[in-house]
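Undergrad: Here you go, this is run37.pdb (PDB, C-alpha atoms).
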```
ATOM      1  CA  MET A 225     -41.427 276.083 113.524
ATOM      2  CA  TYR A 226     -38.131 276.498 111.755
ATOM      3  CA  PHE A 227     -39.086 279.821 110.256
ATOM      4  CA  ASP A 228     -40.578 281.548 113.288
ATOM      5  CA  ARG A 229     -38.120 281.726 116.165
ATOM      6  CA  ALA A 230     -40.850 282.776 118.613
ATOM      7  CA  LYS A 231     -42.731 279.518 117.980
ATOM      8  CA  ARG A 232     -39.721 277.205 118.217
ATOM      9  CA  PRO A 233     -39.729 274.832 121.183
ATOM     10  CA  ASP A 234     -36.571 274.848 123.309
ATOM     11  CA  TRP A 235     -35.615 271.344 122.215
ATOM     12  CA  LEU A 236     -35.593 272.153 118.478
ATOM     13  CA  CYS A 237     -31.997 272.603 117.368
ATOM     14  CA  VAL A 238     -32.222 274.089 113.859
ATOM     15  CA  LEU A 239     -28.462 274.496 113.586
ATOM     16  CA  ARG A 240     -28.023 270.740 113.146
ATOM     17  CA  VAL A 241     -29.949 270.828 109.882
ATOM     18  CA  LEU A 242     -28.909 274.272 108.723
ATOM     19  CA  GLY A 243     -25.275 273.596 109.595
ATOM     20  CA  ASN A 244     -25.223 270.542 107.317
ATOM     21  CA  TYR A 245     -25.575 272.974 104.415
ATOM     22  CA  GLN A 246     -23.451 275.747 105.974
ATOM     23  CA  TRP A 247     -26.543 277.938 106.341
ATOM     24  CA  LEU A 248     -26.945 280.299 109.278
ATOM     25  CA  ASP A 249     -29.977 280.708 111.513
ATOM     26  CA  ASN A 250     -30.830 284.074 109.982
ATOM     27  CA  ARG A 251     -33.244 285.330 107.340
ATOM     28  CA  GLN A 252     -30.982 284.378 104.439
ATOM     29  CA  GLY A 253     -30.161 280.903 105.815
ATOM     30  CA  LEU A 254     -33.821 280.149 106.564
ATOM     31  CA  GLU A 255     -34.803 281.286 103.067
ATOM     32  CA  GLN A 256     -32.181 278.959 101.568
ATOM     33  CA  PHE A 257     -33.583 276.126 103.688
ATOM     34  CA  ARG A 258     -37.161 276.927 102.624
ATOM     35  CA  SER A 259     -36.144 276.989  98.945
ATOM     36  CA  TYR A 260     -34.274 273.691  99.275
ATOM     37  CA  MET A 261     -37.201 271.951 101.019
ATOM     38  CA  ASN A 262     -39.665 273.244  98.393
ATOM     39  CA  LYS A 263     -37.400 271.919  95.628
ATOM     40  CA  ARG A 264     -37.070 268.504  97.344
ATOM     41  CA  THR A 265     -40.824 268.306  97.861
ATOM     42  CA  GLN A 266     -41.447 268.970  94.181
ATOM     43  CA  GLU A 267     -38.827 266.396  93.132
ATOM     44  CA  ILE A 268     -40.430 263.741  95.286
ATOM     45  CA  LEU A 269     -44.014 264.613  94.351
ATOM     46  CA  TYR A 270     -43.313 264.402  90.650
ATOM     47  CA  SER A 271     -41.018 261.384  90.657
ATOM     48  CA  GLU A 272     -42.241 258.060  89.271
ATOM     49  CA  SER A 273     -41.636 256.332  92.618
ATOM     50  CA  PRO A 274     -41.995 258.865  95.443
ATOM     51  CA  GLY A 275     -41.789 256.175  98.133
ATOM     52  CA  ILE A 276     -38.267 255.181  97.083
ATOM     53  CA  PHE A 277     -37.109 258.485  95.599
ATOM     54  CA  ASP A 278     -34.218 259.000  97.931
ATOM     55  CA  LYS A 279     -32.361 256.178  99.709
ATOM     56  CA  ASN A 280     -31.191 258.687 102.351
ATOM     57  CA  TRP A 281     -34.769 259.144 103.593
ATOM     58  CA  GLN A 282     -35.701 255.460 103.888
ATOM     59  CA  ASP A 283     -34.552 255.270 107.517
ATOM     60  CA  ILE A 284     -36.906 258.009 108.640
ATOM     61  CA  ARG A 285     -39.800 256.559 106.662
ATOM     62  CA  ARG A 286     -39.355 253.316 108.575
ATOM     63  CA  GLY A 287     -38.769 254.898 111.968
ATOM     64  CA  TRP A 288     -39.326 258.054 113.904
ATOM     65  CA  CYS A 289     -35.817 259.429 114.334
ATOM     66  CA  LEU A 290     -33.005 260.217 111.936
ATOM     67  CA  GLY A 291     -29.745 261.132 113.634
ATOM     68  CA  ASP A 292     -26.732 259.849 115.535
ATOM     69  CA  ASP A 293     -26.894 257.912 118.812
ATOM     70  CA  THR A 294     -26.537 261.047 120.944
ATOM     71  CA  PHE A 295     -29.406 262.775 119.145
ATOM     72  CA  ARG A 296     -31.560 259.624 119.329
ATOM     73  CA  ALA A 297     -30.922 259.287 123.086
ATOM     74  CA  GLU A 298     -31.847 262.944 123.560
ATOM     75  CA  MET A 299     -35.077 262.465 121.595
ATOM     76  CA  GLU A 300     -35.906 259.255 123.496
ATOM     77  CA  GLY A 301     -35.605 261.230 126.733
ATOM     78  CA  LEU A 302     -38.044 263.814 125.397
ATOM     79  CA  VAL A 303     -40.424 261.065 124.235
ATOM     80  CA  GLU A 304     -40.276 259.457 127.689
ATOM     81  CA  ALA A 305     -40.997 262.773 129.391
ATOM     82  CA  ARG A 306     -43.944 263.340 127.054
ATOM     83  CA  ILE A 307     -45.284 259.806 127.533
ATOM     84  CA  ASP A 308     -44.927 260.125 131.319
ATOM     85  CA  GLN A 309     -46.964 263.327 131.172
ATOM     86  CA  TYR A 310     -49.892 261.724 129.329
ATOM     87  CA  ASP A 311     -51.665 258.398 129.067
ATOM     88  CA  ARG A 312     -49.195 255.907 127.584
ATOM     89  CA  ARG A 313     -51.989 254.110 125.782
ATOM     90  CA  SER A 314     -52.369 257.069 123.404
ATOM     91  CA  TYR A 315     -48.848 256.423 122.057
ATOM     92  CA  LEU A 316     -48.009 253.598 119.699
ATOM     93  CA  GLY A 317     -44.917 252.118 118.210
ATOM     94  CA  ASP A 318     -41.551 250.766 119.196
ATOM     95  CA  GLU A 319     -40.531 253.728 121.334
ATOM     96  CA  ALA A 320     -43.652 253.554 123.492
ATOM     97  CA  ARG A 321     -43.203 249.777 123.777
ATOM     98  CA  LYS A 322     -39.548 250.175 124.801
ATOM     99  CA  HIS A 323     -40.511 252.837 127.318
ATOM    100  CA  ASP A 324     -43.189 250.624 128.834
ATOM    101  CA  GLU A 325     -40.870 247.621 129.006
ATOM    102  CA  ARG A 326     -38.276 249.675 130.870
ATOM    103  CA  GLU A 327     -40.950 251.060 133.190
ATOM    104  CA  ALA A 328     -42.520 247.623 133.742
ATOM    105  CA  GLU A 329     -39.119 246.151 134.563
ATOM    106  CA  ARG A 330     -38.428 249.017 136.977
ATOM    107  CA  LEU A 331     -41.806 248.492 138.684
ATOM    108  CA  LEU A 332     -41.229 244.743 138.873
ATOM    109  CA  VAL A 333     -37.822 245.099 140.528
ATOM    110  CA  ALA A 334     -39.041 247.777 142.944
ATOM    111  CA  GLY A 335     -42.242 245.848 143.719
ATOM    112  CA  LEU A 336     -40.290 242.683 144.424
ATOM    113  CA  ASP A 337     -38.116 244.670 146.811
ATOM    114  CA  VAL A 338     -41.114 246.147 148.645
ATOM    115  CA  LEU A 339     -42.729 242.709 148.950
ATOM    116  CA  GLY A 340     -39.486 241.008 149.989
ATOM    117  CA  VAL A 341     -39.473 238.547 147.087
ATOM    118  CA  GLU A 342     -36.483 237.600 144.932
ATOM    119  CA  ILE A 343     -37.024 237.381 141.175
ATOM    120  CA  ASP A 344     -35.680 233.818 141.083
ATOM    121  CA  GLN A 345     -38.397 232.762 143.574
ATOM    122  CA  LEU A 346     -41.230 233.617 141.152
ATOM    123  CA  PRO A 347     -41.224 230.355 139.125
ATOM    124  CA  ALA A 348     -41.598 228.246 142.290
ATOM    125  CA  MET A 349     -44.502 230.297 143.618
ATOM    126  CA  GLN A 350     -48.123 229.460 142.735
ATOM    127  CA  LYS A 351     -49.353 231.168 139.577
ATOM    128  CA  SER A 352     -52.064 232.914 141.582
ATOM    129  CA  ASP A 353     -49.912 233.850 144.570
ATOM    130  CA  PRO A 354     -51.258 237.132 146.015
ATOM    131  CA  ARG A 355     -47.796 238.732 145.748
ATOM    132  CA  LYS A 356     -47.675 237.934 142.040
ATOM    133  CA  LYS A 357     -51.173 239.333 141.620
ATOM    134  CA  VAL A 358     -50.153 242.565 143.333
ATOM    135  CA  LEU A 359     -47.088 242.872 141.106
ATOM    136  CA  ALA A 360     -49.220 242.236 138.019
ATOM    137  CA  TRP A 361     -51.715 244.845 139.236
ATOM    138  CA  LEU A 362     -48.913 247.361 139.792
ATOM    139  CA  ILE A 363     -47.451 246.872 136.318
ATOM    140  CA  ARG A 364     -50.835 246.705 134.561
ATOM    141  CA  ARG A 365     -52.031 249.857 136.361
ATOM    142  CA  ASN A 366     -48.950 251.910 135.442
ATOM    143  CA  THR A 367     -48.026 250.737 131.953
ATOM    144  CA  SER A 368     -49.665 249.486 128.793
ATOM    145  CA  ILE A 369     -47.297 246.522 128.605
ATOM    146  CA  LYS A 370     -48.835 243.390 127.109
ATOM    147  CA  ASN A 371     -50.335 240.772 129.385
ATOM    148  CA  ASP A 372     -48.050 238.117 127.866
ATOM    149  CA  TRP A 373     -45.004 240.067 129.045
ATOM    150  CA  ILE A 374     -46.372 240.349 132.600
ATOM    151  CA  CYS A 375     -47.333 236.683 132.814
ATOM    152  CA  GLU A 376     -43.987 235.533 131.444
ATOM    153  CA  ARG A 377     -41.931 237.743 133.789
ATOM    154  CA  LEU A 378     -44.015 236.762 136.831
ATOM    155  CA  SER A 379     -44.419 233.084 135.868
ATOM    156  CA  MET A 380     -48.186 233.440 136.092
ATOM    157  CA  GLY A 381     -49.316 231.076 133.373
ATOM    158  CA  HIS A 382     -51.650 232.066 130.569
ATOM    159  CA  ALA A 383     -52.216 235.754 129.838
ATOM    160  CA  SER A 384     -55.972 235.283 129.537
ATOM    161  CA  ASN A 385     -56.145 235.022 133.350
ATOM    162  CA  LEU A 386     -54.305 238.272 134.020
ATOM    163  CA  ALA A 387     -57.345 240.569 133.907
ATOM    164  CA  ARG A 388     -59.030 238.440 136.576
ATOM    165  CA  HIS A 389     -55.912 238.544 138.774
ATOM    166  CA  VAL A 390     -55.671 242.330 138.485
ATOM    167  CA  LYS A 391     -59.389 242.676 139.251
ATOM    168  CA  ASP A 392     -58.951 240.430 142.305
ATOM    169  CA  VAL A 393     -56.342 242.847 143.676
ATOM    170  CA  GLU A 394     -58.473 245.917 142.953
ATOM    171  CA  GLN A 395     -61.568 244.439 144.631
ATOM    172  CA  SER A 396     -59.917 242.411 147.369
ATOM    173  CA  ALA A 397     -61.174 242.636 150.934
ATOM    174  CA  ASN A 398     -58.282 240.465 152.132
ATOM    175  CA  GLU A 399     -56.223 242.501 154.597
ATOM    176  CA  ASP A 400     -52.901 241.081 153.382
ATOM    177  CA  VAL A 401     -53.658 241.932 149.756
ATOM    178  CA  ILE A 402     -54.836 245.421 150.717
ATOM    179  CA  LYS A 403     -51.647 245.941 152.738
ATOM    180  CA  MET A 404     -49.413 244.767 149.852
ATOM    181  CA  ARG A 405     -51.357 246.923 147.399
ATOM    182  CA  GLU A 406     -50.907 249.998 149.603
ATOM    183  CA  MET A 407     -47.215 249.249 150.205
ATOM    184  CA  THR A 408     -46.502 249.077 146.492
ATOM    185  CA  ARG A 409     -48.704 252.072 145.694
ATOM    186  CA  LYS A 410     -46.918 254.249 148.268
ATOM    187  CA  ALA A 411     -43.509 253.159 147.010
ATOM    188  CA  PHE A 412     -44.244 254.736 143.629
TER
END
```
Represent the structure from my file as structure tokens, please.

TA:
Amino acid sequence: MYFDRAKRPDWLCVLRVLGNYQWLDNRQGLEQFRSYMNKRTQEILYSESPGIFDKNWQDIRRGWCLGDDTFRAEMEGLVEARIDQYDRRSYLGDEARKHDEREAERLLVAGLDVLGVEIDQLPAMQKSDPRKKVLAWLIRRNTSIKNDWICERLSMGHASNLARHVKDVEQSANEDVIKMREMTRKAF
């Protein structure tokens, strides 16, 4: 992608890397970059310990992003947009987990608002309260957040019961549950 401008995505800012070495985004600068990367690859491949060859690269080996806070925030926004576009369950790792926690929290707060429930009321409510079940269904349906997280936030008891609660909402013939399900679905 670096070497063919026509194939570069809009978000790829080559000047950040090239500029570190005072190279320009032209044929000569890209050739210098290519030569440097080939040299680094060879150094790492033929070192005695390629996994620890360069301390500067350890951060990126242990994570997905190497850059300052502004760059990381920009990349997180792109990751979120990409995850929103596809099935979240096909993405793994800390960033997908953080995204889902933020989304689950957003859905919880909005769902509570739609249902007229305050978050501090949840612990006093029955574990199988229909409103809690609808909130669990909403979060489970729209994120891949872990059942433990949902049960803890909603004070619903053991996570092993969550699948049954969600199924109850999906298959319910109870008019109140259907109404709550539709209210929360329309709100999002």

Undergrad: Determine, counting only C-alpha atoms, which protein, DNA and RNA residues have an atom within 8 Å of an atom of Leu239 in chain A; residues of the same chain fewer than 4 positions away are not included. Present the result as a list in words.

TA: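 Final neighbour list, sorted by chain and number: Gly243, Leu248 and Asp249 of chain A.
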
Undergrad: For the file shown, report as a ChimeraX atom specification the outcome of the PyMOL selection byres ((chain A and resi 342-346) around 8) at residue level.

TA: /A:333,336-337,340-341,347-349,356,378-379

Undergrad: Nearest to Asp353 in chain A among A:His389, A:Arg232, A:Lys403, A:Lys263, with distances taken over only C-alpha atoms: which residue is it?

TA: A:His389

Undergrad: On this structure, the PyMOL selection byres ((chain A and resi 361-367) around 6) would catch which residues? List them as an mmCIF file with C-alpha atoms, in the coordinates of the input, sorted by chain and number.

TA:
```cif
data_model
loop_
_atom_site.group_PDB
_atom_site.id
_atom_site.type_symbol
_atom_site.label_atom_id
_atom_site.label_comp_id
_atom_site.auth_asym_id
_atom_site.auth_seq_id
_atom_site.Cartn_x
_atom_site.Cartn_y
_atom_site.Cartn_z
ATOM 1 C CA ASP A 324 -43.189 250.624 128.834
ATOM 2 C CA ALA A 328 -42.520 247.623 133.742
ATOM 3 C CA VAL A 358 -50.153 242.565 143.333
ATOM 4 C CA LEU A 359 -47.088 242.872 141.106
ATOM 5 C CA ALA A 360 -49.220 242.236 138.019
ATOM 6 C CA SER A 368 -49.665 249.486 128.793
ATOM 7 C CA ILE A 369 -47.297 246.522 128.605
ATOM 8 C CA VAL A 390 -55.671 242.330 138.485
#
```
